[in-house]
Amino acid sequence: MNRVLIEYQGGGGCWNEQTCFTDQRAVTALRLEPDLIDEAANAGMHDHGDGRNPFRDWHHVIVSYCTADQHWGDAVRQYGAHTFHHKGAVNAQAALDWVFANIPSPERAFVAGHSAGAYGSVLGAAIVAHHYPDAAVFQLGDSGVGANGPTSIQPVIAQWNVLAHYPAYLGGDPLQMQDLNDLYLEVARAFPQLRLSEVTSAFDIDQGDNYAYLGGSGGTRGWSADARAALAELDAAIPAFSAYRSPGWHHGITNHLEFHTLAVGALAVAQWVESLMGAQVPPSVDCGDDCGGTLYGDHGAPEEWACLATAPPPPVPEVATAHVVFRLTRPGGAPAPGVAVQACAATDHDCAAPLVAGVTDPLGAVELAVPTGSVGFDGFLMARGDGSFVDRFYFRPPLRRSHHPFLLRPTWEHTTAAQVQAMGVAFGVTADPAKGAMTIGTSDCANGVTAQATVRVDGRAPDGYWDPTRGLNPTSGVLYYWLNLTPGVHDVVVTRTSDAAPLTTTSLYVGAGSMTQAFALGPGR
């Protein structure tokens, strides 16, 4: 098969000391490379054994990434005490040179990218189209929409020295670009036959956070409105452009199982991507104003959380076996794949004899079918993995029906007693390092600030909280509540402030000198 898929790896971006080091906006994605190229551990367009994959029999080249410059830069910058090498354009061109030498005349070339790689794919597609004038060339940006609020990207582009490798055959001045849409327009003018496209979820939390970081207002909901407008602008201006705006919150579609299962109407994302290579440019697809959506099996509770102002979902009948869909994330919200999760009896505190076990998928989620019997599942879930401390997540009262993870999305990390003290300082309280720390974050359905939730742990209010108005957490709209607790199991109840209706009821284990984090995102038990 004389066809090649060139995929630009994602991994964040940064442009000064704060974004590169203080807030760690850049991700050194090369550490993920073994997983990225392991087909057995990947899904979506990475799984070449899946007959549904439009690229199953294509050559597949990964343009790896660790330079935090959207694959565009050629600069060495000094950020405080650190030297940072923005060499994305140099690295990407080396990869393309290999492709051009080894695949001299493909019938088709498809240039794709996820997150930061979505930005790289736009410029990369122009370079590929210029080099292969006789090939049919296509581009797809996954989870990288040109919506950055009122902030121009001009200073960032200058910092990365994008001009050094900006192709002469493209018009415009990259130093004058306001956002990614400007680059799409220039590429379309230079290569009118090049099929350009974007796919994104309607409420992508990661893009919403970046939008806030660049000065956009309204949280993820504000980003969603601007992103929809940005896609509509390109759809109207470029005849060969189309977009797919899917339901949900997720960041990245093409490299997950949802590539085949997530759909608007009857049209799955993968089917739409395959249609990009048809005789006609496919029409854009938009989930419209109702973009909640479902990622995992719906066992009676909606996958997307609802706004805290709405009523909880209808009761779900009790079942003999409850399905627990549990998502684990790392600090900052990144998924935690490959983590062993076990369901354990309440009296088996070390989970020596797990009742059932599973491993989190690329989205950090795992679905376990736990026995309920006549009293319900009164045990806990135990997560163990990759050097982070073991944590336990209990259910109070015993689980008598299926449950989904975003009612309480756990986050875990290895923490020392000194870090517990430092976190206390950040929250404005004095922390006892012999105890453990617990933080509970609350947000509305679009990751925006909510004052509609009341948090109680063991019946009492938290000791302190973090919020954007205090300048301590400027990149997120989430309110974080803090408690310094004795080691052991603690009951957590989150209610709607207006009428005290329960939103989330569960229990979390806190270890000595460690921290347990969780996010209450909507109506629950």
# chains A, B, ... in the order shown; residues from 1 in each chain; ligands from 1

$ residues_around --residues "Ala158 of chain A" --least-positions-apart "6" --cutoff "10 Å" --atoms "only C-alpha atoms" --output "PDB file with all heavy atoms, in the first residue's frame"
ATOM      1  N   TRP A  15       6.385  29.134  26.661  1.00  0.00           N
ATOM      2  CA  TRP A  15       7.088  30.247  26.023  1.00  0.00           C
ATOM      3  C   TRP A  15       7.784  31.180  27.015  1.00  0.00           C
ATOM      4  O   TRP A  15       8.317  32.208  26.636  1.00  0.00           O
ATOM      5  CB  TRP A  15       6.108  31.063  25.169  1.00  0.00           C
ATOM      6  CG  TRP A  15       4.840  31.437  25.901  1.00  0.00           C
ATOM      7  CD1 TRP A  15       4.610  32.565  26.619  1.00  0.00           C
ATOM      8  CD2 TRP A  15       3.659  30.652  25.995  1.00  0.00           C
ATOM      9  NE1 TRP A  15       3.360  32.540  27.174  1.00  0.00           N
ATOM     10  CE2 TRP A  15       2.735  31.371  26.790  1.00  0.00           C
ATOM     11  CE3 TRP A  15       3.267  29.405  25.481  1.00  0.00           C
ATOM     12  CZ2 TRP A  15       1.463  30.883  27.087  1.00  0.00           C
ATOM     13  CZ3 TRP A  15       2.004  28.925  25.777  1.00  0.00           C
ATOM     14  CH2 TRP A  15       1.118  29.661  26.563  1.00  0.00           C
ATOM     15  N   GLY A  73       9.256  25.573  16.111  1.00  0.00           N
ATOM     16  CA  GLY A  73      10.324  26.456  16.554  1.00  0.00           C
ATOM     17  C   GLY A  73      11.732  26.090  16.119  1.00  0.00           C
ATOM     18  O   GLY A  73      12.027  24.972  15.693  1.00  0.00           O
ATOM     19  N   ALA A  75      14.749  27.795  18.191  1.00  0.00           N
ATOM     20  CA  ALA A  75      15.328  28.807  19.070  1.00  0.00           C
ATOM     21  C   ALA A  75      15.823  28.152  20.344  1.00  0.00           C
ATOM     22  O   ALA A  75      15.295  27.124  20.777  1.00  0.00           O
ATOM     23  CB  ALA A  75      14.293  29.881  19.409  1.00  0.00           C
ATOM     24  N   PRO A 174       3.952  35.102   9.533  1.00  0.00           N
ATOM     25  CA  PRO A 174       3.577  34.400  10.767  1.00  0.00           C
ATOM     26  C   PRO A 174       3.660  35.277  11.999  1.00  0.00           C
ATOM     27  O   PRO A 174       2.954  35.033  12.979  1.00  0.00           O
ATOM     28  CB  PRO A 174       4.587  33.244  10.821  1.00  0.00           C
ATOM     29  CG  PRO A 174       5.726  33.661   9.968  1.00  0.00           C
ATOM     30  CD  PRO A 174       5.120  34.488   8.883  1.00  0.00           C
ATOM     31  N   LEU A 175       4.502  36.296  11.968  1.00  0.00           N
ATOM     32  CA  LEU A 175       4.610  37.178  13.124  1.00  0.00           C
ATOM     33  C   LEU A 175       3.375  38.056  13.306  1.00  0.00           C
ATOM     34  O   LEU A 175       3.232  38.730  14.325  1.00  0.00           O
ATOM     35  CB  LEU A 175       5.864  38.052  12.995  1.00  0.00           C
ATOM     36  CG  LEU A 175       7.198  37.295  13.004  1.00  0.00           C
ATOM     37  CD1 LEU A 175       8.352  38.270  12.873  1.00  0.00           C
ATOM     38  CD2 LEU A 175       7.341  36.454  14.258  1.00  0.00           C
ATOM     39  N   GLN A 176       2.496  38.057  12.293  1.00  0.00           N
ATOM     40  CA  GLN A 176       1.262  38.832  12.387  1.00  0.00           C
ATOM     41  C   GLN A 176       0.037  37.957  12.666  1.00  0.00           C
ATOM     42  O   GLN A 176      -1.083  38.449  12.708  1.00  0.00           O
ATOM     43  CB  GLN A 176       1.032  39.617  11.085  1.00  0.00           C
ATOM     44  CG  GLN A 176       2.128  40.612  10.765  1.00  0.00           C
ATOM     45  CD  GLN A 176       2.326  41.620  11.885  1.00  0.00           C
ATOM     46  OE1 GLN A 176       1.373  42.191  12.407  1.00  0.00           O
ATOM     47  NE2 GLN A 176       3.581  41.844  12.260  1.00  0.00           N
TER      48      GLN A 176
END

$ residues_around --residues "Tyr465 of chain A" --least-positions-apart "5" --cutoff "10 Å" --atoms "only C-alpha atoms" --output "MDAnalysis selection string"
chainID A and resid 424 426:429 439:441 470 472 479:483

$ write_last_selection --atoms "N, CA, C and O atoms" --output "compact mmCIF listing (two decimals), in the first residue's frame"
# COMPACT_ATOMS: atom_id res chain seq x y z
N GLY A 424 -0.49 22.96 52.60
CA GLY A 424 -1.23 23.70 53.61
C GLY A 424 -0.95 25.18 53.53
O GLY A 424 -1.86 26.01 53.63
N ALA A 426 -0.04 26.81 50.87
CA ALA A 426 -0.71 27.32 49.67
C ALA A 426 -2.19 27.57 49.92
O ALA A 426 -2.78 28.51 49.37
N PHE A 427 -2.80 26.73 50.75
CA PHE A 427 -4.22 26.89 51.05
C PHE A 427 -4.47 27.87 52.19
O PHE A 427 -5.61 28.12 52.57
N GLY A 428 -3.39 28.39 52.79
CA GLY A 428 -3.56 29.37 53.85
C GLY A 428 -3.86 28.76 55.20
O GLY A 428 -4.44 29.43 56.07
N VAL A 429 -3.48 27.50 55.42
CA VAL A 429 -3.72 26.86 56.70
C VAL A 429 -2.43 26.19 57.17
O VAL A 429 -1.51 25.94 56.40
N THR A 439 -7.93 16.95 49.15
CA THR A 439 -8.51 18.10 48.45
C THR A 439 -9.68 17.61 47.62
O THR A 439 -9.60 16.58 46.95
N ILE A 440 -10.77 18.36 47.68
CA ILE A 440 -11.96 18.06 46.89
C ILE A 440 -12.22 19.26 45.98
O ILE A 440 -12.40 20.38 46.47
N GLY A 441 -12.20 19.06 44.68
CA GLY A 441 -12.48 20.14 43.74
C GLY A 441 -13.92 20.06 43.27
O GLY A 441 -14.47 18.98 43.10
N ARG A 470 -8.24 34.48 44.19
CA ARG A 470 -7.11 34.69 45.09
C ARG A 470 -5.78 34.60 44.35
O ARG A 470 -4.72 34.74 44.94
N LEU A 472 -4.35 32.03 43.10
CA LEU A 472 -3.56 30.84 43.38
C LEU A 472 -3.73 29.76 42.33
O LEU A 472 -2.93 28.86 42.23
N LEU A 479 -12.99 25.22 42.17
CA LEU A 479 -12.75 25.55 43.57
C LEU A 479 -12.20 24.30 44.26
O LEU A 479 -12.80 23.23 44.19
N TYR A 480 -11.07 24.42 44.94
CA TYR A 480 -10.45 23.30 45.62
C TYR A 480 -10.60 23.48 47.13
O TYR A 480 -10.17 24.49 47.68
N TYR A 481 -11.20 22.49 47.77
CA TYR A 481 -11.36 22.52 49.22
C TYR A 481 -10.31 21.61 49.86
O TYR A 481 -10.01 20.54 49.37
N TRP A 482 -9.76 22.06 50.98
CA TRP A 482 -8.62 21.38 51.61
C TRP A 482 -8.97 20.92 53.02
O TRP A 482 -9.63 21.61 53.77
N LEU A 483 -8.49 19.71 53.37
CA LEU A 483 -8.58 19.22 54.74
C LEU A 483 -7.29 18.50 55.10
O LEU A 483 -6.67 17.87 54.26

$ residues_around --residues "Thr347 of chain A" --least-positions-apart "3" --cutoff "10 Å" --atoms "only C-alpha atoms" --output "ChimeraX atom specification"
/A:344,350-351,378-380

$ closest_residue --among "A:Ala237, A:Val493, A:Cys20, A:Met177" --to "Arg77 of chain A" --atoms "only C-alpha atoms"
A:Cys20

$ residues_around --residues "Gln421 of chain A" --least-positions-apart "6" --cutoff "8 Å" --atoms "only C-alpha atoms" --output "PyMOL selection string"
chain A and resi 430-433

$ select_by_dssp --residues "segment 139-192 of chain A" --states "strand (DSSP E or B)" --output "PyMOL selection string"
chain A and resi 139-142

$ residues_around --residues "segment 142-148 of chain A" --least-positions-apart "5" --cutoff "8 Å" --atoms "only C-alpha atoms" --output "compact mmCIF listing (two decimals) with N, CA and C atoms, in the first residue's frame"
# COMPACT_ATOMS: atom_id res chain seq x y z
N ALA A 112 -1.65 14.19 10.19
CA ALA A 112 -2.54 14.35 11.33
C ALA A 112 -1.73 14.75 12.56
N GLY A 113 -2.42 15.16 13.60
CA GLY A 113 -1.75 15.50 14.85
C GLY A 113 -2.77 15.72 15.94
N HIS A 114 -2.35 15.44 17.17
CA HIS A 114 -3.22 15.59 18.33
C HIS A 114 -2.68 16.67 19.24
N SER A 115 -3.54 17.56 19.72
CA SER A 115 -3.17 18.62 20.66
C SER A 115 -2.11 19.53 20.04
N ALA A 116 -0.93 19.65 20.63
CA ALA A 116 0.13 20.44 20.01
C ALA A 116 0.46 19.92 18.63
N GLY A 117 0.31 18.62 18.43
CA GLY A 117 0.54 18.04 17.11
C GLY A 117 -0.48 18.47 16.09
N ALA A 118 -1.68 18.87 16.53
CA ALA A 118 -2.69 19.39 15.60
C ALA A 118 -2.18 20.67 14.96
N TYR A 119 -1.53 21.52 15.75
CA TYR A 119 -0.94 22.74 15.21
C TYR A 119 0.19 22.40 14.23
N ASP A 179 -4.13 33.81 15.47
CA ASP A 179 -4.49 32.49 15.97
C ASP A 179 -4.25 31.45 14.88
N LEU A 180 -4.56 30.21 15.16
CA LEU A 180 -4.30 29.12 14.23
C LEU A 180 -5.11 29.25 12.95
N ASN A 181 -6.29 29.87 13.03
CA ASN A 181 -7.10 30.04 11.83
C ASN A 181 -6.35 30.79 10.73
N GLU A 198 -10.61 19.49 11.01
CA GLU A 198 -10.39 19.47 12.46
C GLU A 198 -11.46 18.61 13.11
N VAL A 199 -11.08 17.95 14.20
CA VAL A 199 -12.02 17.22 15.04
C VAL A 199 -11.76 17.61 16.48
N THR A 200 -12.83 17.85 17.23
CA THR A 200 -12.68 18.27 18.62
C THR A 200 -13.93 17.89 19.38
N SER A 201 -13.79 17.70 20.69
CA SER A 201 -14.98 17.55 21.52
C SER A 201 -15.49 18.94 21.87
N ASP A 204 -13.85 20.25 25.51
CA ASP A 204 -12.50 19.75 25.77
C ASP A 204 -11.90 20.50 26.97
N GLN A 207 -8.27 22.05 26.30
CA GLN A 207 -8.30 23.27 25.50
C GLN A 207 -8.96 24.40 26.28
N ASN A 210 -6.26 25.84 28.59
CA ASN A 210 -5.30 26.66 27.84
C ASN A 210 -5.92 27.99 27.44
N TYR A 211 -7.19 27.96 27.08
CA TYR A 211 -7.93 29.17 26.71
C TYR A 211 -7.93 30.16 27.88
N LEU A 214 -4.57 31.78 28.43
CA LEU A 214 -4.23 32.83 27.48
C LEU A 214 -5.15 34.05 27.59
N GLY A 215 -6.00 34.06 28.60
CA GLY A 215 -6.82 35.23 28.85
C GLY A 215 -8.27 35.11 28.46
N GLY A 216 -8.69 33.94 27.95
CA GLY A 216 -10.09 33.74 27.60
C GLY A 216 -10.95 33.65 28.84
N TRP A 223 -14.63 28.79 26.10
CA TRP A 223 -13.81 28.25 25.01
C TRP A 223 -14.68 27.55 23.98
N ASP A 226 -16.23 29.98 21.55
CA ASP A 226 -15.24 30.55 20.64
C ASP A 226 -14.73 29.51 19.65
N ALA A 227 -14.54 28.28 20.12
CA ALA A 227 -14.06 27.22 19.23
C ALA A 227 -15.09 26.92 18.14
N ALA A 230 -14.79 29.60 15.63
CA ALA A 230 -13.56 29.47 14.83
C ALA A 230 -13.72 28.41 13.75
N LEU A 231 -14.34 27.28 14.08
CA LEU A 231 -14.58 26.24 13.09
C LEU A 231 -15.54 26.72 12.00
N HIS A 251 -10.01 15.12 25.51
CA HIS A 251 -8.92 15.75 24.77
C HIS A 251 -8.20 14.65 23.99
N GLY A 252 -8.48 14.57 22.73
CA GLY A 252 -7.91 13.51 21.90
C GLY A 252 -8.95 12.46 21.57
N ILE A 253 -9.15 12.22 20.28
CA ILE A 253 -10.15 11.26 19.83
C ILE A 253 -9.52 10.19 18.94
N THR A 254 -8.68 10.63 18.02
CA THR A 254 -8.17 9.71 17.00
C THR A 254 -7.31 8.60 17.57

$ closest_residue --among "A:Ser246, A:Gln159, A:Gln70, A:Ser507" --to "Ala268 of chain A" --atoms "only C-alpha atoms"
A:Ser246

$ closest_residue --among "A:Val375, A:Ala500, A:Val162, A:Leu485" --to "Gly88 of chain A" --atoms "only C-alpha atoms"
A:Val162

$ closest_residue --among "A:Ala437, A:Ala336, A:Ala68, A:Val494" --to "Arg460 of chain A" --atoms "only C-alpha atoms"
A:Val494

$ atom_distance --atom1 "atom CA of Ser152 of chain A" --atom2 "atom CA of His130 of chain A"
28.0 Å

$ residues_around --residues "Ser121 of chain A" --least-positions-apart "5" --cutoff "12 Å" --atoms "only C-alpha atoms" --output "PyMOL selection string"
chain A and resi 5-10+62-63+70-72+89+92+96+109-116+126-129+137-144+180+183-184+187+196-198

$ select_by_dssp --residues "segment 204-296 of chain A" --states "alpha helix (DSSP H)" --output "MDAnalysis selection string"
chainID A and resid 205:213 219:237 258:261 269:275
